[in-house]
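J.: Can you keep this structure in mind? I'll have questions shortly.
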Amino acid sequence: RWLNLRLLGHPANRDAIGARVTVEYSDGTQHVSEIGAGGGWLGQSSTSLLIATSPEKFVRKATVRWPEGAVSEYLPPAEQSGVWLVKAK
């Protein structure tokens with residue numbers, strides 16, 4: 001199963017390029033990703049993050065360090081699948 005995490009930044013950086021996301025799983029492990037751009041061949045890389053989940057290893061929370069320096073914590077949707085929309089606070 002996958003959880004598609006989509007960040008919505010402030011108007012000046014709507015795709016939240018440069019944001020660092022730390023996902024904490026139920027077993028205590030963490031996964032860190034950074035939103036980037038321009039990494040694709042003949043196009044642009046996706047600004048969404050695909051996060052693997054399972055009944056045994058589910059997401060407890062995500063911590064976002066926004067490009068401007070603010071840090072926000074978010075709880076995942078109960079179904080642990082589909083699109084998880086996160087807005088800058």
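Please note that chains go A, B, ... in the order of the structure tokens, that every chain numbers its residues from 1, and that ligands are numbered from 1 in the order shown.
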Which range 16-61 of chain A residues have any atom within 8 Å of an atom of range 67-84 of chain A, and for each, what is the nearest pair of atoms with distance in Å to one decimal, counting only C-alpha atoms, rows sorted by chain and number, as CSV?

T.:
residue,atom,partner,partner_atom,distance
A:Ala16,CA,A:Pro67,CA,6.9
A:Ile17,CA,A:Pro67,CA,7.1
A:Gly18,CA,A:Pro67,CA,5.3
A:Ala19,CA,A:Pro67,CA,5.0
A:Arg20,CA,A:Pro67,CA,7.8
A:Thr53,CA,A:Gln80,CA,7.0
A:Phe58,CA,A:Gln80,CA,7.2
A:Val59,CA,A:Pro76,CA,6.7
A:Arg60,CA,A:Leu75,CA,6.6
A:Lys61,CA,A:Leu75,CA,4.7

J.: Based on the selection just made, write C-alpha atoms of those residues as an mmCIF file, in the first residue's frame.

T.:
data_model
loop_
_atom_site.group_PDB
_atom_site.id
_atom_site.type_symbol
_atom_site.label_atom_id
_atom_site.label_comp_id
_atom_site.auth_asym_id
_atom_site.auth_seq_id
_atom_site.Cartn_x
_atom_site.Cartn_y
_atom_site.Cartn_z
ATOM 1 C CA ALA A 16 7.188 23.448 -1.403
ATOM 2 C CA ILE A 17 10.460 22.882 -3.290
ATOM 3 C CA GLY A 18 13.199 22.364 -0.706
ATOM 4 C CA ALA A 19 10.908 21.066 2.048
ATOM 5 C CA ARG A 20 12.310 18.124 4.045
ATOM 6 C CA THR A 53 2.657 1.512 4.332
ATOM 7 C CA PHE A 58 2.007 2.232 9.373
ATOM 8 C CA VAL A 59 2.783 5.946 9.465
ATOM 9 C CA ARG A 60 2.528 7.576 12.897
ATOM 10 C CA LYS A 61 3.319 11.124 11.841
#

J.: Have a look at CA of Ser54 in chain A and CA of Glu24 in chain A and let me know their distance in Å, one decimal.

T.: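 Interatomic distance here is 13.4 Å.
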
J.: Record the distance separating CA of Gly28 in chain A and CA of Thr47 in chain A, expressed in Å with one decimal.

T.: 25.7 Å

J.: Quote the spacing between CA of Ser45 in chain A and CA of Arg14 in chain A in Å to one decimal place.

T.: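 Spanning CA of Ser45 in chain A to CA of Arg14 in chain A is a straight-line distance of 15.1 Å.
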
J.: With only C-alpha atoms as the atoms that count, which of A:Leu5, A:Val21, A:Ala52, A:Val64 lies nearest to Glu34 in chain A?

T.: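 Closest residue, counting only C-alpha atoms: A:Val21.
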
J.: Within 8 Å of Leu8 in chain A, counting only C-alpha atoms, which residues show up once you throw out same-chain ones fewer than 6 positions away? Write them as a PyMOL selection string, please.

T.: chain A and resi 14-16+85-88

J.: Tell me which protein, DNA and RNA residues are within 9 Å of Leu49 in chain A, counting only C-alpha atoms, leaving out same-chain ones fewer than 3 positions away, and put them as JSON, numbers by chain.

T.: {"A": [3, 4, 5, 6, 7, 33, 34, 35, 46]}

J.: Nearest residue to Ile51 in chain A out of A:Pro11, A:Gln30, A:Tyr25, A:Trp2, using only C-alpha atoms?

T.: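 Counting only C-alpha atoms, the residue closest to Ile51 in chain A is A:Trp2.
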
J.: Using only C-alpha atoms, find the one residue out of A:Arg1, A:Ser48, A:Asn13, A:Pro55 that sits nearest to Asp27 in chain A.

T.: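 Distance minimum relative to Asp27 in chain A lands on A:Pro55.
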